Amino acid sequence: MKHLADNIKDSLIVGGVAFLLFGPFLGLQLTNGTSGNLGLATRPMLLAIAVGLSIVARFLLLLWQDHRTTRVPAVKLAAAVAKSGKYVAPALLIVTITLPLIPGIDNSYIDLGVLIMTYVMLGWGLNIVVGLAGLLDLGYVAFYAVGAYSFALLSHYFNFTFWECLPLCGILAAAWGIFLGFPVLRLRGDYLAIVTLAFGEIIRLVITNWVSLTGGPNGIYDIPHPTLFGLTFDMSGGPGTVSNFFHVDPDPSQRTTFLYYIILALALLTNWVTLRLRRQPLGRAWEALREDEIACRSLGINLRNTKLTAFAIGAMFGGFAGCFFATRQAFISPDSFTFIESATVLAIVVLGGAGSQLGVALAAVVMIGVPALLQDLQIYRMLIFGIALVTIMVVRPRGFISTRTPSVSLGKAKIISSDMISEGHG
Amino acid sequence: MGDTLLTVTELTMRFGGLTAVNALSFNAKRGDITAVIGPNGAGKTTVFNCITGFYKPTSGSIAIAHTPGASMLLNKLPGHAIAKKGRVARTFQNIRLFGGMTVLENLLVAQHNELQAATGFGVLAILGLGKYRAAEKAAIERAKYWLAATNLIDRADDPAASLPYGAQRRLEIARAMCTDPVLLCLDEPAAGLNPRESQALNDLLLKIRADGCSLLLIEHDMGVVMKISDHIIVLDHGKKIADGTPLEIRNDIAVISAYLGEGDDDDPDAPIAETLAAAE
Amino acid sequence: MAYALQQLVNGITLGMIYGLIAVGYTMVYGIIGMINFAHGDVFMVGAFVGIIVLTALTGVTSVPMGILAALLLSAGVCALYGFSIERVAYRPLRGSFRLAPLISAIGMSILLENYVQTSQGALERAIPVAVPGGFVLMNENGFVVQLSWMQIAIVVVTLVTLGIFTYIVTKTPLGRSMRAVEQDAKMAALLGIDTNRTISYTFIIGSALAAVAGVMFLLYYGVIDFYIGFNAGIKAFTAAVLGGIGSLPGAVLGGLLIGLIEAFWSGYATVAYKDVAVYSILAIVLMFMPTGLLGRNDIEKV
């Protein structure tokens, strides 16, 4: 039983480290003293619990590692997931389409569906840049912001409607994608990452500080909701409203359901375009770019145009999503477009398995849906989110679905395992 | 023997203080297999990188004549246009395939420009309209032709990274040929091949020449060079030291001394010297 | 003139703090090629340990002793944080795909921020000025250019810390191992260098430097909250990239440049747009020098 002794020793060392790590933060607490000066309170119980939990967790982990005899090889597991994708994807789609039609479903679930699908769409948009073209973008939220503010400003100053703005927002975001893409064409890896992050921050800071145009930190209010062929979802039920036209009682869920189908349509459009593009020269060029830039160049592929189209198309979908976000919220402020949004979307893409459409959708459900259900734990929500990110990455570094399906084949297409696939250097 | 296809004039390439290629001039004739040989560090790959647009030469010019009399300066073209407009294709010393893509996909990526032109800026092809379908069919046919020529047809749907080494080399050549080049530049295609694969490579290169594409070849394997080259250029320390038919090169004193390493800083490349002697 | 001198003094002080954090980024990047996104939050943890130690010692020891204790304890605790973060979140992902450690690091950053927020509260925490006063450098028509004792202390402590650090990297066996692993981890391992251990030390040293920067930040501004790590982290990372990531002198140079840009932009243009100025200059520099100011500009190997 020497092994057990080792494990116990190891766990106790971890406990010691935990004591030192948690000591200052859990064992002590800064308080505001009587005279306005800071004071300290002690919390020995909390510290003891945290240290105890660390010891137990470490011990159980070691035990599990010892007793785990057979491991399902990652490749087999991935292939199984990918194969079941044939059934999972349609099933997921049917559930998604029918969800709001379930009689008596609570409005808040439909609203959560809207939120999740917004992130599915953002994830799919970013997937073009990160998953297919292999370009690391840490500032994707910039295009989301461009879309949202384009609509908010156009409606605020020129009374444009949602449907008029939707294509405009996509075009404007794509234009920004090209504009911001130009300076970073030569950059690789982490240089690309920091500059895209910087662009995201620049756009947010400009929105925050240009108070006369954007209202600054106070944001923009009263952004119009979308209309159904000119009919509004006004609660008054007067002429020109949906409830009046169809002779039903006005209900908030009508608008939510309408928004739900709009974002579903937008997300499916994103997916459809991406899947079509993958089977085309442009999509293949993106993937080739991810695999080997130098070889691409030797084959006469214009790297600049290929990268810029990836940025532009990814940005366009971000712009659509932003426009939708603005109309859904009716209020936007710079707080909605912080780095954490970019990080969340990127995490969805990586967690889903960069390149996999189904994986990204599943990841969005997990990353957005689960924390939303933890509303009661409000203050611990982000803490759990952080722990989950680290844990999931350590357990599945390549995400849920990491295999690749060929875009064309002579015979029967074979699934390509993830260890062959490069993830780009850009 | 045809007219001159490729004209390299006074090509110089410096990296900081190091002169890798020094005022090099040579021609390659249409329909020839031209080999560039020389000891390690002689500047062969640098010359290739200049021709294929990966390096901008410090000075000098590189011209290609797609039809007799016509001339296009390769060193004035942007990198990606070398394959597209200049119609010069290449392979790499350390194989560069799209490992996560299938063999067939690799060959379709090579036909990107033609296919992209058929997509109507992508929009028509997304909607399933236009002539894209026909173009893709033609591209797959061309891919199949080169798959057959390189004996890879059975592996068409396998990821490129899963192929054995020799097959990867052949795939890289097939991919380059799918760009429909007039000149194919091969950087040590026989490196790491066994004698049987090396023989198959010879046959493949001769077939490519017969199909109307000229070849420029860097190679250490003198068996390959002497057997299939029409014309050999020998480089040493970035300069041309000999230029002629295989027979002339074999008897050239300068070449032999370069290979035996009379330079003080030069590592004698013994195996090559031996094969050179053996080939005599 | 006097105003410019004052901004220069302020900029250098701020730049020193950024430089200290940037060294940690650049070291980790150099050795394992990943962006340690949680590094800025280690800096924040350092500032919090500092404030806790200073509060505990208020009235117990003299001010200089208190500051010294805060520096040492904070460096020690943060070194342990750095070590643990690497073990838990990054080591299992070594040799894995590039994006996985990045996401893991972002997760770690979110985790640390919310850990401090939930355990110590979301409020800003302030301490009284630890070392008041300073001396007047210049007096121009009533505009007084102040060089505070605190600013001098920051510059001195930073230089001493960087001096020790430079000695470790260039003169000790540990430093030699670090440089070897940076050049070629596989080869270093073949030659008998314990790469895991070397990487652990890199995290330990980098985190200790961040902790020193955190305590300096606390003493200089007097106010901290759980969110300072994000901004300082991004700035320091920008500094590391601007200087050329992987280059240690580059990190300090980048930090100083960013401190100066911020100080002068705030002084002569608008405070609101100082960060926009920093990020824009980063983008412009990288457009023309894609590997930063002192970065290794390796020729694309074909």
# chains A, B, ... in the order shown; residues from 1 in each chain; ligands from 1
call {"tool": "select_by_dssp", "arguments": {"residues": "stretch 35-243 of chain B", "states": "strand (DSSP E)", "output": "PyMOL selection string"}}
result
chain B and resi 35-37+59-64+72-73+88-90+183-187+214-218+231-236+239-243
call {"tool": "select_by_dssp", "arguments": {"residues": "stretch 143-275 of chain B", "states": "alpha helix (DSSP H)", "output": "PyMOL selection string"}}
result
chain B and resi 143-149+165-177+195-210+222-228+246-250+253-260+270-275
call {"tool": "closest_residue", "arguments": {"among": "A:Thr96, A:Thr42, A:Ser155, A:Thr241", "to": "chain C", "atoms": "only C-alpha atoms"}}
result
A:Thr42
call {"tool": "residues_around", "arguments": {"residues": "A:Gly359", "least_positions_apart": "4", "cutoff": "12 Å", "atoms": "only C-alpha atoms", "output": "PyMOL selection string"}}
result
chain A and resi 78+81-82+84-85+88-89+92+120+123-124+127+131+347-355+363-367+398-404
call {"tool": "write_last_selection", "arguments": {"atoms": "C-alpha atoms", "output": "mmCIF file, in the first residue's frame"}}
result
data_model
loop_
_atom_site.group_PDB
_atom_site.id
_atom_site.type_symbol
_atom_site.label_atom_id
_atom_site.label_comp_id
_atom_site.auth_asym_id
_atom_site.auth_seq_id
_atom_site.Cartn_x
_atom_site.Cartn_y
_atom_site.Cartn_z
ATOM 1 C CA ALA A 78 -14.249 11.753 -32.104
ATOM 2 C CA VAL A 81 -19.320 11.823 -32.251
ATOM 3 C CA ALA A 82 -18.859 12.847 -35.862
ATOM 4 C CA SER A 84 -23.677 10.493 -34.701
ATOM 5 C CA GLY A 85 -23.615 14.058 -36.039
ATOM 6 C CA VAL A 88 -27.734 14.802 -33.913
ATOM 7 C CA ALA A 89 -27.790 17.748 -36.307
ATOM 8 C CA LEU A 92 -31.234 19.457 -32.954
ATOM 9 C CA VAL A 120 -24.366 30.104 -32.344
ATOM 10 C CA GLY A 123 -19.609 31.254 -33.347
ATOM 11 C CA TRP A 124 -20.333 30.183 -36.903
ATOM 12 C CA ASN A 127 -15.508 29.816 -37.247
ATOM 13 C CA GLY A 131 -11.722 27.315 -37.848
ATOM 14 C CA ALA A 347 -14.100 29.771 -26.592
ATOM 15 C CA ILE A 348 -17.291 28.505 -28.240
ATOM 16 C CA VAL A 349 -15.422 27.965 -31.499
ATOM 17 C CA VAL A 350 -12.453 26.205 -29.919
ATOM 18 C CA LEU A 351 -14.601 24.188 -27.543
ATOM 19 C CA GLY A 352 -16.853 23.082 -30.391
ATOM 20 C CA GLY A 353 -13.831 21.973 -32.349
ATOM 21 C CA ALA A 354 -12.562 24.648 -34.705
ATOM 22 C CA GLY A 355 -14.047 24.014 -38.120
ATOM 23 C CA ALA A 363 -20.637 24.432 -27.521
ATOM 24 C CA ALA A 364 -22.852 27.517 -27.650
ATOM 25 C CA VAL A 365 -25.670 25.597 -25.991
ATOM 26 C CA VAL A 366 -23.307 24.481 -23.222
ATOM 27 C CA MET A 367 -21.470 27.773 -22.739
ATOM 28 C CA ARG A 398 -9.358 19.929 -29.559
ATOM 29 C CA GLY A 399 -12.980 20.489 -28.677
ATOM 30 C CA PHE A 400 -16.092 18.371 -28.991
ATOM 31 C CA ILE A 401 -15.836 17.521 -32.667
ATOM 32 C CA SER A 402 -12.353 17.785 -34.011
ATOM 33 C CA THR A 403 -12.577 15.647 -37.119
ATOM 34 C CA ARG A 404 -12.949 17.025 -40.584
#
call {"tool": "residues_around", "arguments": {"residues": "C:Ser280", "least_positions_apart": "6", "cutoff": "10 Å", "atoms": "only C-alpha atoms", "output": "tab-separated table (two decimals) with C-alpha atoms, in the first residue's frame"}}
result
chain	number	residue	atom	x	y	z
A	195	VAL	CA	-3.70	43.52	-33.01
A	198	ALA	CA	-6.47	46.03	-29.98
A	199	PHE	CA	-8.92	46.78	-32.79
A	202	ILE	CA	-10.30	50.68	-30.11
C	274	LYS	CA	-5.05	57.49	-24.51
C	286	LEU	CA	3.50	46.13	-36.46
call {"tool": "interface_residues", "arguments": {"of": "chain B", "to": "chain C", "cutoff": "9 Å", "atoms": "only C-alpha atoms", "output": "list in words"}}
result
Thr45, Asn49, Phe54, Phe92, Gln93 and Asn94 of chain B
call {"tool": "write_last_selection", "arguments": {"atoms": "C-alpha atoms", "output": "mmCIF file, in the first residue's frame"}}
result
data_model
loop_
_atom_site.group_PDB
_atom_site.id
_atom_site.type_symbol
_atom_site.label_atom_id
_atom_site.label_comp_id
_atom_site.auth_asym_id
_atom_site.auth_seq_id
_atom_site.Cartn_x
_atom_site.Cartn_y
_atom_site.Cartn_z
ATOM 1 C CA THR B 45 17.478 26.627 -53.280
ATOM 2 C CA ASN B 49 13.192 30.795 -54.361
ATOM 3 C CA PHE B 54 9.603 33.661 -52.631
ATOM 4 C CA PHE B 92 9.571 22.025 -51.793
ATOM 5 C CA GLN B 93 12.617 20.421 -50.269
ATOM 6 C CA ASN B 94 10.650 19.655 -47.090
#
call {"tool": "closest_residue", "arguments": {"among": "A:His67, A:Arg204, A:Arg188, A:Arg304", "to": "chain B", "atoms": "only C-alpha atoms"}}
result
A:Arg304
call {"tool": "interface_residues", "arguments": {"of": "chain A", "to": "chain C", "cutoff": "8 Å", "atoms": "only C-alpha atoms", "output": "compact mmCIF listing (two decimals) with N, CA, C and O atoms, in the first residue's frame"}}
result
# COMPACT_ATOMS: atom_id res chain seq x y z
N VAL A 17 -0.11 23.74 -0.48
CA VAL A 17 -0.08 24.78 -1.51
C VAL A 17 -1.40 25.54 -1.50
O VAL A 17 -1.42 26.79 -1.55
N LEU A 20 -1.56 28.12 1.19
CA LEU A 20 -0.82 29.35 0.88
C LEU A 20 -1.54 30.18 -0.18
O LEU A 20 -1.55 31.40 -0.15
N LEU A 21 -2.14 29.48 -1.17
CA LEU A 21 -2.82 30.21 -2.24
C LEU A 21 -4.09 30.88 -1.73
O LEU A 21 -4.36 32.05 -2.02
N PRO A 24 -4.51 34.22 1.86
CA PRO A 24 -4.76 35.66 1.88
C PRO A 24 -6.16 36.03 1.39
O PRO A 24 -6.69 37.06 1.78
N PHE A 25 -6.73 35.20 0.52
CA PHE A 25 -7.98 35.62 -0.12
C PHE A 25 -9.22 35.06 0.55
O PHE A 25 -10.22 35.75 0.66
N LEU A 26 -9.16 33.79 0.98
CA LEU A 26 -10.32 33.21 1.62
C LEU A 26 -10.21 33.32 3.14
O LEU A 26 -11.20 33.48 3.84
N GLN A 29 -10.19 38.83 4.92
CA GLN A 29 -11.03 39.67 4.07
C GLN A 29 -10.85 41.12 4.43
O GLN A 29 -10.89 41.49 5.60
N LEU A 30 -10.67 41.93 3.39
CA LEU A 30 -10.56 43.37 3.61
C LEU A 30 -11.93 43.92 4.00
O LEU A 30 -12.94 43.59 3.38
N ASN A 37 -10.61 53.67 7.38
CA ASN A 37 -9.43 52.89 6.99
C ASN A 37 -9.81 51.43 6.77
O ASN A 37 -10.82 50.96 7.24
N LEU A 38 -8.94 50.74 6.05
CA LEU A 38 -9.21 49.34 5.80
C LEU A 38 -8.91 48.52 7.04
O LEU A 38 -8.02 48.83 7.82
N GLY A 39 -9.70 47.49 7.23
CA GLY A 39 -9.41 46.55 8.30
C GLY A 39 -9.40 45.15 7.72
O GLY A 39 -9.64 44.97 6.52
N LEU A 40 -9.09 44.17 8.53
CA LEU A 40 -9.06 42.79 8.06
C LEU A 40 -9.94 41.94 8.97
O LEU A 40 -9.93 42.08 10.19
N PRO A 183 -4.20 45.92 -42.38
CA PRO A 183 -2.93 46.09 -41.66
C PRO A 183 -2.38 44.79 -41.08
O PRO A 183 -1.20 44.72 -40.78
N VAL A 184 -3.23 43.79 -40.89
CA VAL A 184 -2.76 42.60 -40.19
C VAL A 184 -2.40 41.46 -41.14
O VAL A 184 -2.07 40.37 -40.69
N ARG A 186 0.15 40.74 -42.86
CA ARG A 186 1.50 40.17 -42.77
C ARG A 186 1.75 39.54 -41.40
O ARG A 186 2.76 38.88 -41.20
N LEU A 187 0.86 39.82 -40.45
CA LEU A 187 1.13 39.37 -39.08
C LEU A 187 0.75 37.92 -38.89
O LEU A 187 -0.17 37.41 -39.50
N ASP A 190 0.65 35.33 -32.61
CA ASP A 190 0.29 36.17 -31.49
C ASP A 190 0.30 37.64 -31.83
O ASP A 190 -0.37 38.43 -31.20
N TYR A 191 1.07 38.00 -32.83
CA TYR A 191 1.03 39.39 -33.27
C TYR A 191 -0.34 39.69 -33.84
O TYR A 191 -0.93 40.74 -33.59
N ILE A 194 -2.90 39.98 -30.85
CA ILE A 194 -2.92 41.21 -30.08
C ILE A 194 -3.47 42.36 -30.91
O ILE A 194 -4.18 43.22 -30.39
N VAL A 195 -3.18 42.40 -32.22
CA VAL A 195 -3.70 43.52 -33.01
C VAL A 195 -5.21 43.41 -33.18
O VAL A 195 -5.92 44.41 -33.07
N ALA A 198 -6.59 44.57 -30.07
CA ALA A 198 -6.47 46.03 -29.98
C ALA A 198 -7.57 46.71 -30.79
O ALA A 198 -8.17 47.68 -30.32
N PHE A 199 -7.86 46.17 -31.97
CA PHE A 199 -8.92 46.78 -32.79
C PHE A 199 -10.27 46.69 -32.08
O PHE A 199 -11.06 47.63 -32.10
N GLU A 201 -10.76 46.66 -28.92
CA GLU A 201 -10.75 47.65 -27.84
C GLU A 201 -10.89 49.06 -28.40
O GLU A 201 -11.58 49.89 -27.83
N ILE A 202 -10.22 49.33 -29.53
CA ILE A 202 -10.30 50.68 -30.11
C ILE A 202 -11.75 51.01 -30.44
O ILE A 202 -12.25 52.07 -30.08
N LEU A 205 -13.65 51.66 -27.28
CA LEU A 205 -13.26 52.92 -26.64
C LEU A 205 -13.80 54.12 -27.41
O LEU A 205 -14.22 55.11 -26.81
N VAL A 206 -13.78 54.03 -28.73
CA VAL A 206 -14.30 55.15 -29.52
C VAL A 206 -15.80 55.29 -29.27
O VAL A 206 -16.31 56.40 -29.07
N ASN A 209 -16.30 56.91 -25.90
CA ASN A 209 -15.88 58.30 -25.71
C ASN A 209 -16.51 59.30 -26.67
O ASN A 209 -16.47 60.49 -26.45
N ILE A 294 2.64 28.84 -47.30
CA ILE A 294 3.67 28.92 -48.33
C ILE A 294 3.30 28.08 -49.55
O ILE A 294 3.45 28.51 -50.69
N ALA A 343 -13.84 36.75 -26.22
CA ALA A 343 -13.28 35.54 -25.61
C ALA A 343 -14.33 34.44 -25.55
O ALA A 343 -14.04 33.28 -25.83
N LEU A 346 -14.85 33.06 -29.05
CA LEU A 346 -13.68 32.25 -29.43
C LEU A 346 -13.69 30.93 -28.67
O LEU A 346 -13.40 29.87 -29.23
N ALA A 347 -14.05 31.00 -27.38
CA ALA A 347 -14.10 29.77 -26.59
C ALA A 347 -15.14 28.81 -27.17
O ALA A 347 -14.91 27.60 -27.23
N VAL A 350 -13.50 27.17 -30.24
CA VAL A 350 -12.45 26.21 -29.92
C VAL A 350 -13.05 24.98 -29.21
O VAL A 350 -12.70 23.85 -29.49
N ILE A 379 -23.41 35.61 -8.59
CA ILE A 379 -22.05 36.10 -8.37
C ILE A 379 -21.00 35.03 -8.66
O ILE A 379 -19.85 35.34 -8.92
N TYR A 380 -21.42 33.76 -8.60
CA TYR A 380 -20.43 32.71 -8.86
C TYR A 380 -20.43 32.27 -10.33
O TYR A 380 -19.66 31.41 -10.72
N MET A 382 -19.60 33.65 -13.28
CA MET A 382 -18.40 33.83 -14.08
C MET A 382 -17.23 33.00 -13.52
O MET A 382 -16.37 32.55 -14.25
N LEU A 383 -17.26 32.83 -12.19
CA LEU A 383 -16.23 31.98 -11.58
C LEU A 383 -16.34 30.56 -12.13
O LEU A 383 -15.35 29.96 -12.57
N ILE A 384 -17.57 30.06 -12.16
CA ILE A 384 -17.80 28.71 -12.70
C ILE A 384 -17.45 28.67 -14.18
O ILE A 384 -16.86 27.70 -14.67
N PHE A 385 -17.80 29.73 -14.88
CA PHE A 385 -17.49 29.82 -16.31
C PHE A 385 -15.98 29.66 -16.54
O PHE A 385 -15.54 28.90 -17.40
N GLY A 386 -15.20 30.38 -15.74
CA GLY A 386 -13.74 30.30 -15.86
C GLY A 386 -13.23 28.90 -15.56
O GLY A 386 -12.42 28.34 -16.31
N ILE A 387 -13.72 28.31 -14.47
CA ILE A 387 -13.29 26.95 -14.12
C ILE A 387 -13.66 25.98 -15.23
O ILE A 387 -12.87 25.12 -15.63
N ALA A 388 -14.87 26.16 -15.79
CA ALA A 388 -15.33 25.26 -16.85
C ALA A 388 -14.43 25.37 -18.07
O ALA A 388 -14.07 24.35 -18.68
N LEU A 389 -14.05 26.60 -18.44
CA LEU A 389 -13.19 26.78 -19.61
C LEU A 389 -11.90 25.99 -19.45
O LEU A 389 -11.48 25.25 -20.35
N VAL A 390 -11.26 26.17 -18.29
CA VAL A 390 -9.98 25.49 -18.06
C VAL A 390 -10.20 23.97 -18.09
O VAL A 390 -9.47 23.24 -18.77
N THR A 391 -11.22 23.51 -17.36
CA THR A 391 -11.44 22.07 -17.25
C THR A 391 -11.70 21.45 -18.62
O THR A 391 -11.10 20.43 -18.99
N MET A 393 -10.96 22.50 -21.57
CA MET A 393 -9.78 22.52 -22.44
C MET A 393 -8.80 21.42 -22.05
O MET A 393 -8.22 20.74 -22.90
N VAL A 394 -8.59 21.24 -20.74
CA VAL A 394 -7.64 20.23 -20.29
C VAL A 394 -8.14 18.83 -20.67
O VAL A 394 -7.37 17.97 -21.09
N PRO A 397 -8.71 19.06 -25.47
CA PRO A 397 -8.01 20.22 -26.03
C PRO A 397 -8.46 20.57 -27.45
O PRO A 397 -8.33 21.71 -27.87
N ARG A 398 -8.98 19.60 -28.18
CA ARG A 398 -9.36 19.93 -29.56
C ARG A 398 -10.84 20.14 -29.71
O ARG A 398 -11.36 20.23 -30.82
N GLU A 423 -3.78 23.75 -37.46
CA GLU A 423 -4.73 24.79 -37.06
C GLU A 423 -4.24 26.18 -37.41
O GLU A 423 -4.72 27.16 -36.91
